[in-house]
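K.L.:
Before anything else, here's the structure in question.
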Amino acid sequence: RSSDLIIDDEFELYSVLCQDANGRGRECAYCLARKWTPDLFLFIIASLVQSAPSIKLKVKCITVGVCIREVTSVQAVLPCSRVQMCRDQVLEMLLIKDRKST
């Protein structure tokens, strides 16, 4: 079908969700990038702040996947935020490690 989006296996589509005034998650940014692009997470966050500078001091919490390694750099871009790992991914990772050790 012409409406299907086919992305090469070398690319991944990332999305940024923000919580609106009603407490609902809203997609506010997308990034199509080559897999294993270095510093991609920081690039996405910095690009979002550059596009909407007023959010820089409003972001209080940011949830990331367990594969994100640039967590400490977020403080420079979003100084009022704290970073937390996605709970479901952490639990899944712990379960996998537990199964491997038994």
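Scheme for the structure tokens: letters A, B, ... for chains in order shown; per-chain residue numbers from 1; ligand numbers from 1 in order shown.
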Taking the DSSP assignment computed from this structure's backbone, write out as a PyMOL selection string all residues of chain A that belong to helix (DSSP H, G or I).

P.N.:
chain A and resi 40-51+53-55+71-77+87-101

K.L.:
Skipping near chain neighbours, those fewer than 3 positions away, what residues fall within 12 Å of A:Ala33 using only C-alpha atoms, listed as a PDB file with C-alpha atoms, in the first residue's frame?

P.N.:
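Final output, saved to around33.pdb:
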ATOM      1  CA  ILE A   7      12.389   2.359   6.742  1.00  0.00           C
ATOM      2  CA  ASP A   8      15.660   0.720   5.803  1.00  0.00           C
ATOM      3  CA  ASP A   9      17.081  -1.621   8.468  1.00  0.00           C
ATOM      4  CA  GLU A  10      19.917   0.865   8.968  1.00  0.00           C
ATOM      5  CA  PHE A  11      17.539   3.517  10.356  1.00  0.00           C
ATOM      6  CA  GLU A  12      15.341   3.921  13.408  1.00  0.00           C
ATOM      7  CA  LEU A  13      12.494   6.318  14.089  1.00  0.00           C
ATOM      8  CA  TYR A  14      12.587   8.045  17.482  1.00  0.00           C
ATOM      9  CA  SER A  15       9.803  10.089  19.029  1.00  0.00           C
ATOM     10  CA  TYR A  30      10.447  12.916  15.694  1.00  0.00           C
ATOM     11  CA  TRP A  36      24.130   3.583  16.369  1.00  0.00           C
ATOM     12  CA  THR A  37      24.501   7.301  15.652  1.00  0.00           C
ATOM     13  CA  PRO A  38      26.698   8.671  18.493  1.00  0.00           C
ATOM     14  CA  ASP A  39      25.200  11.276  20.847  1.00  0.00           C
ATOM     15  CA  LEU A  40      21.802  10.957  19.151  1.00  0.00           C
ATOM     16  CA  PHE A  41      19.797  11.357  22.347  1.00  0.00           C
ATOM     17  CA  PHE A  43      21.112  15.837  19.628  1.00  0.00           C
ATOM     18  CA  ILE A  44      17.350  15.179  19.781  1.00  0.00           C
TER      19      ILE A  44
END

K.L.:
Between atom CA of A:Val66 and atom CA of A:Met85, what is the spacing in Å?

P.N.:
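It comes out at 6.0 Å.
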
K.L.:
Using only C-alpha atoms, which residue out of A:Leu42, A:Ser101, A:Ala29, A:Gln84 lies closest to A:Val64?

P.N.:
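Looking at the shortest contact to A:Val64, the residue is A:Gln84.
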
K.L.:
Record the distance separating atom CA of A:Glu27 and atom CA of A:Glu70, expressed in Å with one decimal.

P.N.:
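Computing the Euclidean distance for atom CA of A:Glu27 and atom CA of A:Glu70 yields 21.4 Å.
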
K.L.:
Assign secondary structure with DSSP using the backbone only, and return the residues of chain A in strand (DSSP E) as a list in words.

P.N.:
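Secondary structure check on chain A, strand (DSSP E): Phe11, Glu12, Leu13, Tyr14, Ser15, Val16, Leu17, Cys18, Gln19, Gly25, Arg26, Glu27, Cys28, Ala29, Tyr30, Cys31, Leu32, Ala33, Arg34, Cys61, Ile62, Thr63, Val64, Arg82, Val83, Gln84 and Met85 of chain A.
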
K.L.:
Could those residues be written to a file, using N, CA, C and O atoms, as an mmCIF file, in the first residue's frame?

P.N.:
data_model
loop_
_atom_site.group_PDB
_atom_site.id
_atom_site.type_symbol
_atom_site.label_atom_id
_atom_site.label_comp_id
_atom_site.auth_asym_id
_atom_site.auth_seq_id
_atom_site.Cartn_x
_atom_site.Cartn_y
_atom_site.Cartn_z
ATOM 1 N N PHE A 11 18.102 2.330 9.721
ATOM 2 C CA PHE A 11 17.539 3.517 10.356
ATOM 3 C C PHE A 11 16.530 3.148 11.424
ATOM 4 O O PHE A 11 15.934 2.083 11.395
ATOM 5 N N GLU A 12 16.364 4.062 12.371
ATOM 6 C CA GLU A 12 15.341 3.921 13.408
ATOM 7 C C GLU A 12 14.594 5.242 13.523
ATOM 8 O O GLU A 12 15.164 6.311 13.304
ATOM 9 N N LEU A 13 13.321 5.137 13.885
ATOM 10 C CA LEU A 13 12.494 6.318 14.089
ATOM 11 C C LEU A 13 12.322 6.521 15.591
ATOM 12 O O LEU A 13 11.885 5.623 16.304
ATOM 13 N N TYR A 14 12.703 7.692 16.066
ATOM 14 C CA TYR A 14 12.587 8.045 17.482
ATOM 15 C C TYR A 14 11.489 9.087 17.633
ATOM 16 O O TYR A 14 11.276 9.904 16.740
ATOM 17 N N SER A 15 10.809 9.066 18.758
ATOM 18 C CA SER A 15 9.803 10.089 19.029
ATOM 19 C C SER A 15 9.995 10.615 20.443
ATOM 20 O O SER A 15 10.463 9.907 21.329
ATOM 21 N N VAL A 16 9.642 11.870 20.622
ATOM 22 C CA VAL A 16 9.708 12.517 21.932
ATOM 23 C C VAL A 16 8.278 12.812 22.353
ATOM 24 O O VAL A 16 7.507 13.404 21.596
ATOM 25 N N LEU A 17 7.922 12.372 23.545
ATOM 26 C CA LEU A 17 6.598 12.626 24.096
ATOM 27 C C LEU A 17 6.714 13.652 25.207
ATOM 28 O O LEU A 17 7.635 13.589 26.022
ATOM 29 N N CYS A 18 5.795 14.580 25.237
ATOM 30 C CA CYS A 18 5.737 15.569 26.312
ATOM 31 C C CYS A 18 4.360 15.491 26.952
ATOM 32 O O CYS A 18 3.377 15.190 26.285
ATOM 33 N N GLN A 19 4.304 15.783 28.225
ATOM 34 C CA GLN A 19 3.034 15.785 28.932
ATOM 35 C C GLN A 19 2.406 17.160 28.793
ATOM 36 O O GLN A 19 3.040 18.180 29.075
ATOM 37 N N GLY A 25 0.143 12.454 27.441
ATOM 38 C CA GLY A 25 1.358 12.418 26.636
ATOM 39 C C GLY A 25 1.064 12.814 25.203
ATOM 40 O O GLY A 25 0.095 12.348 24.616
ATOM 41 N N ARG A 26 1.880 13.677 24.656
ATOM 42 C CA ARG A 26 1.722 14.140 23.270
ATOM 43 C C ARG A 26 3.057 14.011 22.546
ATOM 44 O O ARG A 26 4.094 14.365 23.096
ATOM 45 N N GLU A 27 3.009 13.526 21.324
ATOM 46 C CA GLU A 27 4.220 13.475 20.516
ATOM 47 C C GLU A 27 4.560 14.896 20.108
ATOM 48 O O GLU A 27 3.718 15.623 19.588
ATOM 49 N N CYS A 28 5.798 15.302 20.372
ATOM 50 C CA CYS A 28 6.176 16.678 20.058
ATOM 51 C C CYS A 28 7.393 16.764 19.146
ATOM 52 O O CYS A 28 7.719 17.839 18.656
ATOM 53 N N ALA A 29 8.054 15.633 18.895
ATOM 54 C CA ALA A 29 9.211 15.653 17.994
ATOM 55 C C ALA A 29 9.490 14.245 17.492
ATOM 56 O O ALA A 29 9.204 13.258 18.174
ATOM 57 N N TYR A 30 10.029 14.185 16.295
ATOM 58 C CA TYR A 30 10.447 12.916 15.694
ATOM 59 C C TYR A 30 11.858 13.066 15.160
ATOM 60 O O TYR A 30 12.274 14.153 14.774
ATOM 61 N N CYS A 31 12.571 11.962 15.114
ATOM 62 C CA CYS A 31 13.906 11.967 14.524
ATOM 63 C C CYS A 31 14.124 10.631 13.827
ATOM 64 O O CYS A 31 13.980 9.571 14.442
ATOM 65 N N LEU A 32 14.438 10.693 12.555
ATOM 66 C CA LEU A 32 14.801 9.511 11.791
ATOM 67 C C LEU A 32 16.319 9.525 11.687
ATOM 68 O O LEU A 32 16.908 10.470 11.174
ATOM 69 N N ALA A 33 16.956 8.489 12.223
ATOM 70 C CA ALA A 33 18.420 8.492 12.283
ATOM 71 C C ALA A 33 18.983 7.114 11.970
ATOM 72 O O ALA A 33 18.326 6.096 12.188
ATOM 73 N N ARG A 34 20.207 7.125 11.512
ATOM 74 C CA ARG A 34 20.925 5.883 11.258
ATOM 75 C C ARG A 34 21.192 5.208 12.603
ATOM 76 O O ARG A 34 21.532 5.863 13.584
ATOM 77 N N CYS A 61 11.081 16.166 34.362
ATOM 78 C CA CYS A 61 11.471 14.762 34.370
ATOM 79 C C CYS A 61 11.545 14.261 32.935
ATOM 80 O O CYS A 61 10.730 14.646 32.100
ATOM 81 N N ILE A 62 12.521 13.427 32.664
ATOM 82 C CA ILE A 62 12.657 12.833 31.344
ATOM 83 C C ILE A 62 12.888 11.336 31.537
ATOM 84 O O ILE A 62 13.691 10.926 32.367
ATOM 85 N N THR A 63 12.100 10.524 30.829
ATOM 86 C CA THR A 63 12.203 9.070 30.918
ATOM 87 C C THR A 63 12.867 8.561 29.654
ATOM 88 O O THR A 63 12.468 8.924 28.556
ATOM 89 N N VAL A 64 13.888 7.748 29.830
ATOM 90 C CA VAL A 64 14.654 7.247 28.687
ATOM 91 C C VAL A 64 14.701 5.722 28.715
ATOM 92 O O VAL A 64 14.482 5.104 29.752
ATOM 93 N N ARG A 82 15.190 15.803 35.910
ATOM 94 C CA ARG A 82 15.836 14.605 36.430
ATOM 95 C C ARG A 82 15.567 13.509 35.413
ATOM 96 O O ARG A 82 14.543 13.494 34.736
ATOM 97 N N VAL A 83 16.500 12.593 35.281
ATOM 98 C CA VAL A 83 16.398 11.538 34.294
ATOM 99 C C VAL A 83 16.062 10.231 34.993
ATOM 100 O O VAL A 83 16.651 9.903 36.016
ATOM 101 N N GLN A 84 15.090 9.515 34.446
ATOM 102 C CA GLN A 84 14.754 8.197 34.983
ATOM 103 C C GLN A 84 14.682 7.197 33.843
ATOM 104 O O GLN A 84 14.402 7.554 32.708
ATOM 105 N N MET A 85 14.979 5.954 34.160
ATOM 106 C CA MET A 85 14.931 4.882 33.165
ATOM 107 C C MET A 85 13.499 4.361 33.051
ATOM 108 O O MET A 85 12.759 4.343 34.032
#
